[in-house]
>>> print(open('start11.cif').read())   # mmCIF, C-alpha atoms
data_data
#
loop_
_atom_site.label_atom_id
_atom_site.label_comp_id
_atom_site.auth_asym_id
_atom_site.auth_seq_id
_atom_site.Cartn_x
_atom_site.Cartn_y
_atom_site.Cartn_z
CA MET A 19 13.74 -9.82 20.04
CA LEU A 20 14.85 -7.10 17.66
CA ALA A 21 12.04 -4.78 16.54
CA MET A 22 11.38 -1.35 15.12
CA ASN A 23 10.23 1.06 17.84
CA TYR A 24 8.30 4.25 17.11
CA ARG A 25 9.31 7.09 19.45
CA GLY A 26 7.40 9.95 17.82
CA PRO A 27 7.39 11.80 14.48
CA PHE A 28 10.62 11.22 12.56
CA ARG A 29 12.01 9.18 15.46
CA ILE A 30 12.61 5.49 14.79
CA ARG A 31 14.71 3.32 17.07
CA VAL A 32 15.81 -0.30 17.19
CA ASP A 33 14.48 -2.09 20.25
CA LYS A 34 16.76 -5.03 21.03
CA ASN A 35 14.68 -6.31 23.94
CA LYS A 36 11.06 -6.26 22.80
CA PRO A 37 9.30 -9.35 24.16
CA VAL A 38 8.66 -12.11 21.65
CA PRO A 39 4.88 -12.18 21.02
CA GLU A 40 2.85 -15.01 22.49
CA ILE A 41 -0.26 -16.93 21.48
CA LYS A 42 -3.29 -15.02 22.83
CA HIS A 43 -6.08 -16.90 21.07
CA PRO A 44 -6.40 -20.49 19.83
CA ASN A 45 -6.41 -19.29 16.22
CA ASP A 46 -3.17 -17.28 16.52
CA ALA A 47 0.15 -18.14 14.97
CA ILE A 48 3.62 -16.83 15.77
CA VAL A 49 5.67 -16.13 12.66
CA ARG A 50 9.43 -15.62 12.49
CA VAL A 51 9.84 -12.82 9.96
CA THR A 52 12.03 -13.52 6.94
CA ARG A 53 11.37 -10.35 4.94
CA SER A 54 9.50 -7.12 5.64
CA CYS A 55 9.16 -3.83 3.78
CA ILE A 56 8.85 -0.14 4.41
CA CYS A 57 5.72 1.08 2.65
CA GLY A 58 4.82 4.59 1.55
CA SER A 59 1.90 4.30 3.96
CA ASP A 60 4.41 3.80 6.80
CA LEU A 61 5.77 7.25 6.03
CA HIS A 62 2.43 8.80 7.03
CA LEU A 63 2.94 7.20 10.45
CA TYR A 64 6.62 8.13 10.55
CA ARG A 65 5.80 11.79 9.91
CA GLY A 66 3.04 11.90 12.51
CA ARG A 67 0.14 12.22 10.06
CA VAL A 68 -2.02 9.35 11.33
CA PRO A 69 -4.06 9.76 14.55
CA ASP A 70 -3.40 7.45 17.50
CA THR A 71 0.04 6.30 16.38
CA ARG A 72 1.38 5.36 19.78
CA VAL A 73 4.93 5.51 21.06
CA GLY A 74 6.40 2.02 21.37
CA MET A 75 4.48 0.38 18.55
CA THR A 76 6.10 -1.60 15.75
CA PHE A 77 5.20 -0.77 12.16
CA GLY A 78 5.24 -3.06 9.15
CA HIS A 79 2.25 -4.44 7.26
CA GLU A 80 4.23 -6.18 4.50
CA PHE A 81 6.03 -9.31 5.62
CA THR A 82 6.74 -12.96 5.00
CA GLY A 83 7.88 -15.49 7.56
CA GLU A 84 8.11 -19.00 8.89
CA VAL A 85 5.51 -20.38 11.29
CA VAL A 86 7.14 -21.26 14.62
CA GLU A 87 4.07 -21.78 16.82
CA ILE A 88 0.34 -22.25 16.28
CA GLY A 89 -2.71 -22.02 18.49
CA SER A 90 -4.74 -25.07 19.37
CA SER A 91 -7.48 -24.42 16.77
CA VAL A 92 -5.26 -23.61 13.78
CA GLN A 93 -5.83 -26.19 11.04
CA ASN A 94 -4.45 -24.70 7.82
CA LEU A 95 -0.87 -24.10 8.97
CA LYS A 96 1.82 -26.13 10.64
CA VAL A 97 5.13 -25.25 12.23
CA GLY A 98 7.76 -24.75 9.55
CA ASP A 99 5.42 -23.43 6.85
CA ARG A 100 6.78 -20.46 4.86
CA VAL A 101 3.99 -17.92 4.55
CA LEU A 102 3.17 -14.52 3.15
CA VAL A 103 0.85 -12.52 5.39
CA PRO A 104 -1.62 -10.05 3.81
CA PHE A 105 -1.66 -6.66 5.48
CA ASN A 106 -5.39 -7.03 6.17
CA VAL A 107 -6.33 -8.68 9.46
CA GLY A 108 -9.48 -10.49 8.36
CA CYS A 109 -11.63 -12.80 10.46
CA GLY A 110 -12.95 -14.77 7.48
CA SER A 111 -16.44 -15.13 8.94
CA CYS A 112 -18.06 -11.68 8.98
CA ILE A 113 -20.35 -10.53 6.18
CA ASN A 114 -17.59 -8.56 4.44
CA CYS A 115 -14.93 -11.27 4.63
CA LYS A 116 -17.41 -13.74 3.17
CA GLN A 117 -17.69 -11.41 0.17
CA GLY A 118 -13.90 -11.27 -0.19
CA LEU A 119 -13.70 -7.78 1.31
CA TYR A 120 -10.95 -8.65 3.78
CA GLY A 121 -9.85 -5.01 3.97
CA ASN A 122 -13.25 -4.15 5.44
CA CYS A 123 -13.46 -6.87 8.09
CA MET A 124 -16.13 -6.16 10.70
CA GLU A 125 -14.48 -8.11 13.54
CA SER A 126 -10.74 -7.41 13.47
CA ASN A 127 -11.17 -3.73 14.36
CA PRO A 128 -14.59 -3.54 16.07
CA MET A 129 -14.01 -0.13 17.67
CA SER A 130 -13.80 1.53 14.25
CA ALA A 131 -16.63 2.10 11.80
CA ALA A 132 -14.16 3.44 9.25
CA CYS A 133 -11.76 0.58 8.54
CA GLY A 134 -10.83 -3.02 9.23
CA GLY A 135 -7.74 -4.24 11.02
CA PHE A 136 -4.22 -3.83 9.62
CA PHE A 137 -0.84 -4.98 10.80
CA GLY A 138 1.51 -2.30 12.11
CA TYR A 139 -0.74 0.66 11.38
CA ALA A 140 -1.63 2.71 14.46
CA HIS A 141 -4.52 2.03 16.77
CA THR A 142 -6.92 3.41 14.19
CA GLY A 143 -6.20 0.12 12.39
CA GLY A 144 -6.71 -2.03 15.46
CA GLY A 145 -3.36 -1.61 17.20
CA TYR A 146 -1.75 -4.79 15.83
CA ASP A 147 2.05 -4.79 15.97
CA GLY A 148 3.64 -5.24 12.58
CA GLY A 149 6.36 -7.20 10.88
CA GLN A 150 9.36 -4.87 11.09
CA ALA A 151 10.60 -7.22 13.79
CA GLU A 152 11.98 -10.73 14.21
CA PHE A 153 8.63 -12.21 15.24
CA VAL A 154 4.99 -11.23 14.89
CA ARG A 155 1.70 -12.55 16.22
CA VAL A 156 -0.74 -13.31 13.41
CA PRO A 157 -4.40 -13.56 14.50
CA TYR A 158 -7.00 -15.48 12.46
CA ALA A 159 -4.11 -17.62 11.23
CA ASP A 160 -6.43 -19.94 9.30
CA VAL A 161 -7.67 -16.98 7.23
CA GLY A 162 -4.95 -14.54 6.21
CA PRO A 163 -1.58 -16.28 5.78
CA MET A 164 -0.90 -18.11 2.54
CA ILE A 165 1.75 -20.78 2.19
CA ILE A 166 4.31 -19.52 -0.33
CA PRO A 167 4.36 -21.81 -3.38
CA PRO A 168 7.81 -23.38 -3.88
CA ASP A 169 8.22 -21.71 -7.28
CA ILE A 170 7.56 -18.19 -5.96
CA ASP A 171 10.61 -16.21 -4.85
CA ILE A 172 10.44 -14.86 -1.31
CA GLU A 173 10.99 -11.30 -2.52
CA ASP A 174 8.11 -11.61 -4.95
CA ALA A 175 6.05 -13.03 -2.08
CA VAL A 176 6.69 -10.12 0.28
CA LEU A 177 5.46 -7.67 -2.34
CA LEU A 178 2.28 -9.72 -2.72
CA THR A 179 1.32 -8.78 0.85
CA ASP A 180 0.36 -5.22 -0.15
CA VAL A 181 1.79 -3.16 -3.00
CA VAL A 182 1.12 -5.54 -5.89
CA PRO A 183 -2.50 -6.30 -4.86
CA THR A 184 -3.10 -2.64 -4.01
CA GLY A 185 -1.86 -1.49 -7.42
CA TYR A 186 -3.88 -4.21 -9.12
CA GLN A 187 -7.05 -3.34 -7.19
CA ALA A 188 -6.53 0.34 -8.04
CA ALA A 189 -6.71 -0.61 -11.71
CA GLU A 190 -9.57 -3.06 -11.13
CA MET A 191 -11.67 -0.42 -9.35
CA GLY A 192 -11.15 1.81 -12.38
CA GLU A 193 -13.31 -0.63 -14.38
CA ILE A 194 -10.85 -0.32 -17.26
CA LYS A 195 -12.26 -1.21 -20.65
CA MET A 196 -10.30 -2.30 -23.69
CA GLY A 197 -8.40 0.65 -25.12
CA ASP A 198 -9.03 3.06 -22.22
CA THR A 199 -6.67 5.89 -21.35
CA VAL A 200 -5.55 5.66 -17.73
CA VAL A 201 -3.74 8.36 -15.75
CA VAL A 202 -1.96 7.30 -12.55
CA PHE A 203 -1.00 10.01 -10.09
CA GLY A 204 2.07 8.88 -8.15
CA ALA A 205 5.10 6.85 -9.26
CA GLY A 206 5.77 5.11 -5.98
CA PRO A 207 5.49 1.31 -5.71
CA VAL A 208 1.67 1.30 -5.70
CA GLY A 209 1.51 3.67 -8.66
CA ILE A 210 4.05 1.51 -10.50
CA PHE A 211 1.89 -1.60 -10.06
CA ALA A 212 -1.29 0.33 -10.85
CA ALA A 213 0.28 1.33 -14.16
CA LYS A 214 1.49 -2.20 -14.89
CA SER A 215 -1.88 -3.67 -13.94
CA SER A 216 -3.75 -1.23 -16.16
CA TRP A 217 -2.15 -2.92 -19.17
CA LEU A 218 -3.16 -6.33 -17.84
CA LEU A 219 -6.78 -5.16 -17.66
CA GLY A 220 -6.85 -3.86 -21.24
CA ALA A 221 -5.75 -0.21 -21.18
CA GLY A 222 -4.71 1.26 -24.50
CA ARG A 223 -2.71 4.14 -23.03
CA VAL A 224 -1.17 4.57 -19.57
CA ILE A 225 0.18 7.88 -18.26
CA VAL A 226 1.96 8.38 -14.93
CA VAL A 227 2.38 11.76 -13.22
CA ASP A 228 4.90 12.49 -10.46
CA CYS A 229 7.46 15.16 -9.54
CA LEU A 230 10.59 13.03 -9.12
CA ASP A 231 12.46 12.28 -12.31
CA TYR A 232 14.13 9.12 -11.02
CA ARG A 233 10.75 7.60 -10.13
CA LEU A 234 9.31 8.60 -13.48
CA GLU A 235 12.24 7.03 -15.29
CA PHE A 236 11.80 3.85 -13.28
CA VAL A 237 8.08 3.47 -13.98
CA LYS A 238 8.61 4.34 -17.65
CA ASN A 239 11.01 1.43 -18.00
CA TYR A 240 9.15 -0.99 -15.73
CA ALA A 241 5.59 -0.38 -16.91
CA GLN A 242 6.26 0.86 -20.46
CA CYS A 243 4.11 3.97 -19.97
CA GLU A 244 4.14 7.67 -20.73
CA VAL A 245 5.48 9.82 -17.88
CA TYR A 246 5.22 13.51 -17.03
CA ASN A 247 6.67 15.66 -14.27
CA TYR A 248 3.86 17.88 -13.03
CA LYS A 249 6.37 20.64 -12.22
CA GLU A 250 6.88 20.95 -15.98
CA MET A 251 3.20 20.77 -16.94
CA GLY A 252 1.99 24.23 -15.92
CA ASP A 253 -1.63 23.51 -15.05
CA PRO A 254 -1.69 19.68 -14.73
CA VAL A 255 -5.42 19.43 -15.42
CA LEU A 256 -5.22 21.54 -18.57
CA PHE A 257 -2.11 19.65 -19.72
CA LEU A 258 -3.81 16.27 -19.30
CA LYS A 259 -6.89 17.51 -21.09
CA LYS A 260 -4.76 18.67 -24.02
CA ILE A 261 -3.01 15.31 -24.44
CA THR A 262 -6.34 13.44 -24.29
CA ASP A 263 -8.06 15.40 -27.09
CA TYR A 264 -9.67 17.66 -24.48
CA LEU A 265 -11.89 14.82 -23.34
CA GLY A 266 -9.95 13.73 -20.27
CA ALA A 267 -8.78 10.28 -19.29
CA ASP A 268 -11.23 7.41 -19.05
CA VAL A 269 -9.79 6.44 -15.67
CA CYS A 270 -7.73 8.38 -13.14
CA ILE A 271 -6.00 6.66 -10.21
CA ASP A 272 -4.93 8.49 -7.05
CA ALA A 273 -1.96 6.48 -5.76
CA VAL A 274 -0.57 9.38 -3.70
CA GLY A 275 -2.89 10.23 -0.83
CA ALA A 276 -2.41 12.51 2.12
CA GLU A 277 1.05 13.90 1.45
CA ALA A 278 0.67 15.02 -2.13
CA THR A 279 2.53 18.15 -3.18
CA GLY A 280 1.73 20.52 -6.02
CA ASN A 281 -0.85 22.88 -4.50
CA ALA A 282 0.15 25.43 -1.85
CA MET A 283 -3.30 25.73 -0.27
CA GLN A 284 -3.75 21.96 0.02
CA THR A 285 -0.25 21.57 1.47
CA LEU A 286 -0.87 24.33 4.03
CA THR A 287 -4.26 23.10 5.22
CA GLY A 288 -3.63 19.38 4.84
CA GLN A 289 -0.03 19.01 6.01
CA LYS A 290 1.14 22.11 7.86
CA LEU A 291 -2.00 23.13 9.78
CA MET A 292 -3.66 19.70 9.54
CA LEU A 293 -7.10 21.25 9.09
CA GLN A 294 -8.07 18.44 6.74
CA ALA A 295 -7.14 14.79 6.46
CA GLY A 296 -4.13 15.38 4.27
CA SER A 297 -3.37 17.25 1.08
CA ALA A 298 -5.95 16.18 -1.52
CA THR A 299 -4.06 17.62 -4.50
CA ALA A 300 -3.89 14.35 -6.44
CA LEU A 301 -7.57 13.68 -5.82
CA HIS A 302 -8.47 17.15 -7.15
CA TRP A 303 -6.40 16.54 -10.25
CA ALA A 304 -7.98 13.12 -10.75
CA ILE A 305 -11.55 14.42 -10.47
CA ASN A 306 -10.88 17.36 -12.77
CA SER A 307 -8.78 15.42 -15.32
CA VAL A 308 -11.09 12.46 -15.84
CA LYS A 309 -13.63 12.63 -18.64
CA LYS A 310 -17.34 13.17 -18.08
CA GLY A 311 -18.75 9.82 -17.00
CA GLY A 312 -15.26 8.54 -16.16
CA VAL A 313 -14.00 6.66 -13.13
CA VAL A 314 -11.68 7.84 -10.35
CA SER A 315 -10.02 5.10 -8.30
CA VAL A 316 -8.52 6.07 -4.94
CA VAL A 317 -5.97 3.94 -3.10
CA GLY A 318 -3.86 6.77 -1.69
CA VAL A 319 -4.14 6.91 2.11
CA TYR A 320 -6.05 9.79 3.71
CA GLY A 321 -6.96 10.35 7.33
CA PRO A 322 -10.35 9.66 8.89
CA THR A 323 -11.54 13.29 8.97
CA ASP A 324 -12.78 15.65 6.26
CA ASN A 325 -11.05 16.70 3.05
CA LEU A 326 -11.64 19.62 0.73
CA VAL A 327 -12.82 17.79 -2.39
CA PRO A 328 -14.63 19.23 -5.47
CA ILE A 329 -17.78 17.20 -4.95
CA GLY A 330 -19.78 19.47 -7.28
CA ASN A 331 -17.49 18.63 -10.18
CA MET A 332 -17.91 14.94 -9.41
CA VAL A 333 -21.71 15.21 -9.51
CA ASN A 334 -21.93 17.46 -12.54
CA LYS A 335 -19.50 15.32 -14.57
CA GLY A 336 -21.22 12.08 -13.64
CA ILE A 337 -18.01 10.59 -12.26
CA THR A 338 -17.84 7.28 -10.42
CA ILE A 339 -15.41 7.37 -7.50
CA ARG A 340 -14.27 4.11 -5.94
CA GLY A 341 -11.82 3.61 -3.12
CA ASN A 342 -10.85 0.87 -0.71
CA GLN A 343 -8.06 -0.92 1.06
CA ALA A 344 -6.98 -3.81 -1.14
CA SER A 345 -8.45 -7.16 -0.19
CA VAL A 346 -5.15 -8.93 -0.66
CA LYS A 347 -6.20 -12.55 -0.33
CA ARG A 348 -8.82 -12.22 -3.05
CA HIS A 349 -6.17 -11.21 -5.59
CA LEU A 350 -3.39 -13.66 -4.73
CA PRO A 351 -4.36 -16.58 -7.04
CA HIS A 352 -4.41 -14.55 -10.26
CA LEU A 353 -1.41 -12.41 -9.30
CA ILE A 354 0.64 -15.55 -8.70
CA GLU A 355 -0.37 -16.78 -12.15
CA HIS A 356 0.75 -13.47 -13.66
CA ILE A 357 4.14 -13.94 -11.96
CA ARG A 358 4.43 -17.51 -13.22
CA ALA A 359 3.57 -16.39 -16.74
CA GLY A 360 6.20 -13.64 -16.64
CA ARG A 361 3.69 -10.80 -16.92
CA LEU A 362 4.62 -9.47 -13.46
CA ASN A 363 8.06 -9.27 -11.87
CA PRO A 364 7.43 -7.71 -8.44
CA LYS A 365 10.93 -8.02 -6.99
CA ALA A 366 12.35 -5.92 -9.84
CA ILE A 367 11.16 -2.77 -8.04
CA ILE A 368 13.30 -3.52 -4.95
CA THR A 369 16.17 -1.06 -4.93
CA HIS A 370 17.47 -1.46 -1.37
CA ARG A 371 17.92 -4.43 0.96
CA VAL A 372 18.72 -3.27 4.48
CA PRO A 373 19.44 -5.16 7.72
CA LEU A 374 16.66 -4.70 10.27
CA GLU A 375 19.26 -3.25 12.65
CA GLU A 376 19.62 -0.25 10.31
CA ILE A 377 15.92 0.53 10.11
CA ALA A 378 16.25 4.14 11.30
CA ASP A 379 18.58 4.90 8.40
CA ALA A 380 16.28 3.03 6.03
CA TYR A 381 13.29 5.20 7.04
CA HIS A 382 15.33 8.37 6.62
CA MET A 383 16.50 7.30 3.17
CA PHE A 384 13.03 6.32 1.96
CA SER A 385 11.31 9.37 3.47
CA SER A 386 13.86 11.80 2.04
CA LYS A 387 13.92 10.07 -1.39
CA LEU A 388 17.67 9.50 -1.18
CA ASP A 389 19.79 7.22 -3.36
CA ASN A 390 16.97 6.82 -5.94
CA CYS A 391 15.07 4.64 -3.47
CA ILE A 392 11.94 2.97 -4.84
CA LYS A 393 11.32 0.04 -2.48
CA THR A 394 13.18 -1.06 0.63
CA VAL A 395 13.19 -4.61 2.00
CA LEU A 396 14.30 -5.27 5.58
CA ILE A 397 16.13 -8.47 6.47
CA PRO A 398 16.19 -9.66 10.12
CA PRO A 399 19.57 -10.84 11.46
CA SER A 400 18.44 -14.42 12.06
CA VAL A 401 17.47 -15.04 8.42
CA SER A 402 19.73 -17.28 6.36
CA TYR A 403 17.90 -16.97 3.00
#
>>> encode(input="start11.cif", output="structure tokens")
Amino acid sequence: MLAMNYRGPFRIRVDKNKPVPEIKHPNDAIVRVTRSCICGSDLHLYRGRVPDTRVGMTFGHEFTGEVVEIGSSVQNLKVGDRVLVPFNVGCGSCINCKQGLYGNCMESNPMSAACGGFFGYAHTGGGYDGGQAEFVRVPYADVGPMIIPPDIDIEDAVLLTDVVPTGYQAAEMGEIKMGDTVVVFGAGPVGIFAAKSSWLLGAGRVIVVDCLDYRLEFVKNYAQCEVYNYKEMGDPVLFLKKITDYLGADVCIDAVGAEATGNAMQTLTGQKLMLQAGSATALHWAINSVKKGGVVSVVGVYGPTDNLVPIGNMVNKGITIRGNQASVKRHLPHLIEHIRAGRLNPKAIITHRVPLEEIADAYHMFSSKLDNCIKTVLIPPSVSY
């Protein structure tokens, strides 16, 4: 089959002869991929920032597909079903899955105490091959996959596998109250949906900070929010304090993570020398910009080791910090209702649709922020819709 093949940092190839995955467990399913995406989180892998990203693996944790084979114990799916597959690999039976915390599954990645299992995300996430391919093996097939409702467009569905639920959970973890001021750091797809979701949860003011004007213009139009380029702000923390009556925002959301720019020391130690688990610039700004007693929500991806974080400021200001991988399946019912009601239009953020055969070029374009790229969808050659 055709599949993305990781050959090392900044080296993506198309493998035309990767074996089609097989059923390994009675609760597996084999899915023929109909759409997949390149996520900002994939860029951390692409650039060599995530430990134990092994040569030969296939990325891709956002995908939809058609079920072509099921294991003997699968009861909730049948061959021919069109499904969206959450990026979490959740067993459905451990203590966390039973609480809806599918991103913190205890069984899908038992060798790690730090995270659950994820599709296409290094061996730190369990080593599961992802959906940037023609076929993918989906374990726990009775738990994760959801049959796509007939009235939901496939390109809306593929964005429900990660970025929409992650943006929504970022806002949810902020515990937004009616009328709150919310600052979102990062105008990528997750930041866009965090901003949009903040309105759905009652925010009275939403501000997005980034350094790329085309992304800021996009989120301004899509999420009807205020936008600022931090390169024009001087001291971002002081600027944000000034425009919030010197109180600070009620909620700050870090939707950037390990490759944030804007602070030379953080960039040097977190990206160049890799002495910490990424550049924590956005997290610093969030902690220092939020009001006393405010909430910082973190969905930006950092590595598993230490970061230089102003923990004293967090304690002295009485800040609540919450972070997690989105538990996609928990959010799907209400997100689908938002789509049906016209409050969310996920596919509107898709700027590029690229054949799977051109995946190396697609990664280069997305990584280098070329052609005003916001979100890229990959289409396998065998797909007719």
>>> residues_around(input="start11.cif", residues="region 379-384 of chain A", least_positions_apart="3", cutoff="10 Å", atoms="all atoms listed in the file", output="NGL selection string")
:A and (28-31 or 56-58 or 60-61 or 64 or 370-376 or 387-396)
>>> closest_residue(input="start11.cif", among="A:Gly321, A:Gly360, A:Gly220, A:Pro157", to="Ala298 (chain A)", atoms="all atoms listed in the file")
A:Gly321
>>> resolve_selection(input="start11.cif", expression="the PyMOL selection byres ((chain A and resi 109) around 8)", output="VMD selection string")
chain A and resid 107 to 108 110 to 112 115 120 123 125 to 126 158 161
>>> closest_residue(input="start11.cif", among="A:Ser216, A:Leu326, A:Ile368, A:Met196", to="Leu293 (chain A)", atoms="only C-alpha atoms")
A:Leu326
>>> residues_around(input="start11.cif", residues="Asp231 (chain A)", least_positions_apart="4", cutoff="12 Å", atoms="only C-alpha atoms", output="ChimeraX atom specification")
/A:204-206,226-227,235-238,245-250,387,390-392
>>> closest_residue(input="start11.cif", among="A:Ile354, A:Ala213, A:Val202, A:Ala344", to="Ala300 (chain A)", atoms="only C-alpha atoms")
A:Val202
>>> closest_residue(input="start11.cif", among="A:Gly144, A:Gly149, A:Ile165, A:Asn127", to="Leu95 (chain A)", atoms="only C-alpha atoms")
A:Ile165
